[in-house]
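The structure appears right after this line, and notes come after that.
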Amino acid sequence: MKTHGWTALTIGVFLGGFGLAKPPSAEACEGPLCTVEGSRVPLPPDAVVPANVPALVVVPPAEEWVEEQTLRLRTKEGVDVEARLLKGPGSSGVLVPTAPLVPGTHYHLEGTIPCSDGHTGQPFAAMADFTAGPEVALPTATGVLEKGTSQAGSIKVWDGGASCAANYFGGRTTLEFTPAPGLVPFLPWVHWTLEVDGQTWATAPHGAVDASGGVIPADGFRAMRDLLTVYTLCDQEPPGMPASARGVSEGRHTATLRPVLEQAGMALPALEVAFEVYCPHFGGDGGQEDPLPDPTPDDGPPLKAKGCSQAGGGLAAFGLLATLRLWRRRS
């Protein structure tokens, strides 16, 4: 009998021995550490920033904030740059220069995070140095959003309410984003929202998207879902699963990617693409199996249980159901 690769994967992942199901793995997540490394100015070393950048941003560690009144922009010689100081999205600190920067000038940006750094017991400053480059026209195009790969396999789902992550079996589609060339110089100052069928699915802070369209993955604190990955859960959701952890329904959907260039005073075009997510399905007795996404291996080793309770046992139920259906087809 012909079987799809995901069938073997399902049985291998969910069954340990003949007919014995394993529950979903989960890990408890303690609160995020407030560290210098957890905060950032979204700039690479030796960065060159357009002189007409609308605003500069300091991103705090997860669940912390930047005290906007502490934001400072100085030249290498220590001369303060006049600017407006604002509280930004995600508790970030936003500094808006009142005049364009001077091309060729070296600058130092910093902002204070009020939590203790764990070493000195004192608040610390996130900071970065950069050089102002020539003025660049503000972007008018966002880029291209396309339907990417669709797969079935283990999906790491963050549960913000219980601060846990658990692996579930599901189907997912990863969208592909290519930034417009004119947007690339301003990417550190752009924050993002992905909507699915008009509802917010995921958000990403300033600097989360790089010049190749790569995205910083969700950490379970600042973001619950990866910006460009949409999933459906194929097993039963445990009782009390928060909305931030649930997937979309099976079938066809529309994704809308919305970028915001901080303090630009203009809206960048939203991008839209249709896509599908499906669970693997067996056909009925004597029928053909439904077309399935390509199988994908489990995303790394199982998460270690550290006291995070996992109710429902959805993966166990799905593993047994898949096995019973397979036996039924064989018989």
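Labels used: A, B, ... for chains in the order of the structure tokens, numbers from 1 for residues in each chain, and numbers from 1 for ligands as shown.
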May I have the residues within 8 Å of Ser244 in chain A as an MDAnalysis selection string, using only C-alpha atoms and disregarding those fewer than 5 positions away in the same chain? chainID A and resid 158:160 224:225
Test item: residues at most 8 Å from range 112-115 of chain A, only C-alpha atoms, excluding those fewer than 6 positions along its chain, as a ChimeraX atom specification: /A:34,60,64-68,70-71,122-126
Using only C-alpha atoms, can you tell me which of A:Gly170, A:Pro269, A:Gly182, A:Gly90 comes closest to Gln151 in chain A? A:Gly170
Using CA of Pro45 in chain A and CA of Leu228 in chain A as the two end points, give the distance in Å to one decimal. 26.3 Å
Rounded to one decimal place, report the CA of Val196 in chain A-CA of Ala264 in chain A distance in Å. 25.3 Å
Hey, what's within 12 Å of Pro44 in chain A if we count only C-alpha atoms and toss same-chain stuff fewer than 5 positions away? As a PyMOL selection string, please? chain A and resi 49+127-131+185+187-188+207+210-211
When DSSP works through the backbone of this structure, what residues of range 163-306 of chain A end up as helix (DSSP H, G or I), shown as a ChimeraX atom specification? /A:184-189
Mind the document's chain letters and residue numbers, and return as JSON, numbers by chain the residues of range 111-292 of chain A that DSSP labels strand (DSSP E). {"A": [111, 112, 113, 124, 125, 126, 127, 128, 129, 130, 131, 132, 133, 143, 144, 145, 146, 150, 151, 152, 153, 154, 155, 156, 157, 158, 159, 164, 165, 166, 167, 168, 169, 170, 171, 172, 173, 174, 176, 177, 178, 179, 190, 191, 192, 193, 194, 195, 196, 199, 200, 201, 202, 203, 204, 229, 230, 231, 232, 233, 251, 252, 253, 254, 255, 256, 257, 258, 259, 260, 261, 271, 272, 273, 274, 275, 276, 277]}
Which residues of range 248-267 of chain A sit at most 7 Å from range 230-240 of chain A, using only C-alpha atoms? Give each one's shortest atom pair and distance in Å (one decimal place), in chain and ascending residue order, as CSV.
residue,atom,partner,partner_atom,distance
A:Val248,CA,A:Thr232,CA,5.0
A:Ser249,CA,A:Thr232,CA,5.9
A:Glu250,CA,A:Thr232,CA,6.2
Written selection (all heavy atoms) as a PDB file, in the first residue's frame:
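Output (result.pdb):
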ATOM      1  N   VAL A 248      -4.916  29.089  12.543  1.00  0.00           N
ATOM      2  CA  VAL A 248      -6.042  29.430  11.694  1.00  0.00           C
ATOM      3  C   VAL A 248      -6.765  28.142  11.305  1.00  0.00           C
ATOM      4  O   VAL A 248      -6.276  27.031  11.558  1.00  0.00           O
ATOM      5  CB  VAL A 248      -5.579  30.183  10.426  1.00  0.00           C
ATOM      6  CG1 VAL A 248      -4.877  31.478  10.818  1.00  0.00           C
ATOM      7  CG2 VAL A 248      -4.667  29.314   9.564  1.00  0.00           C
ATOM      8  N   SER A 249      -7.920  28.272  10.703  1.00  0.00           N
ATOM      9  CA  SER A 249      -8.635  27.101  10.219  1.00  0.00           C
ATOM     10  C   SER A 249      -7.965  26.572   8.958  1.00  0.00           C
ATOM     11  O   SER A 249      -7.234  27.291   8.270  1.00  0.00           O
ATOM     12  CB  SER A 249     -10.091  27.461   9.921  1.00  0.00           C
ATOM     13  OG  SER A 249     -10.152  28.482   8.927  1.00  0.00           O
ATOM     14  N   GLU A 250      -8.221  25.303   8.658  1.00  0.00           N
ATOM     15  CA  GLU A 250      -7.703  24.753   7.411  1.00  0.00           C
ATOM     16  C   GLU A 250      -8.333  25.468   6.222  1.00  0.00           C
ATOM     17  O   GLU A 250      -9.471  25.934   6.291  1.00  0.00           O
ATOM     18  CB  GLU A 250      -8.043  23.270   7.313  1.00  0.00           C
ATOM     19  CG  GLU A 250      -7.211  22.366   8.180  1.00  0.00           C
ATOM     20  CD  GLU A 250      -7.470  20.912   7.813  1.00  0.00           C
ATOM     21  OE1 GLU A 250      -6.965  20.474   6.760  1.00  0.00           O
ATOM     22  OE2 GLU A 250      -8.188  20.235   8.571  1.00  0.00           O
TER      23      GLU A 250
END
Choose the residue, out of A:Ala166, A:Gly111, A:Ser150, A:Val157, that has the smallest atom-to-atom separation from Ala243 in chain A; count only C-alpha atoms. A:Val157
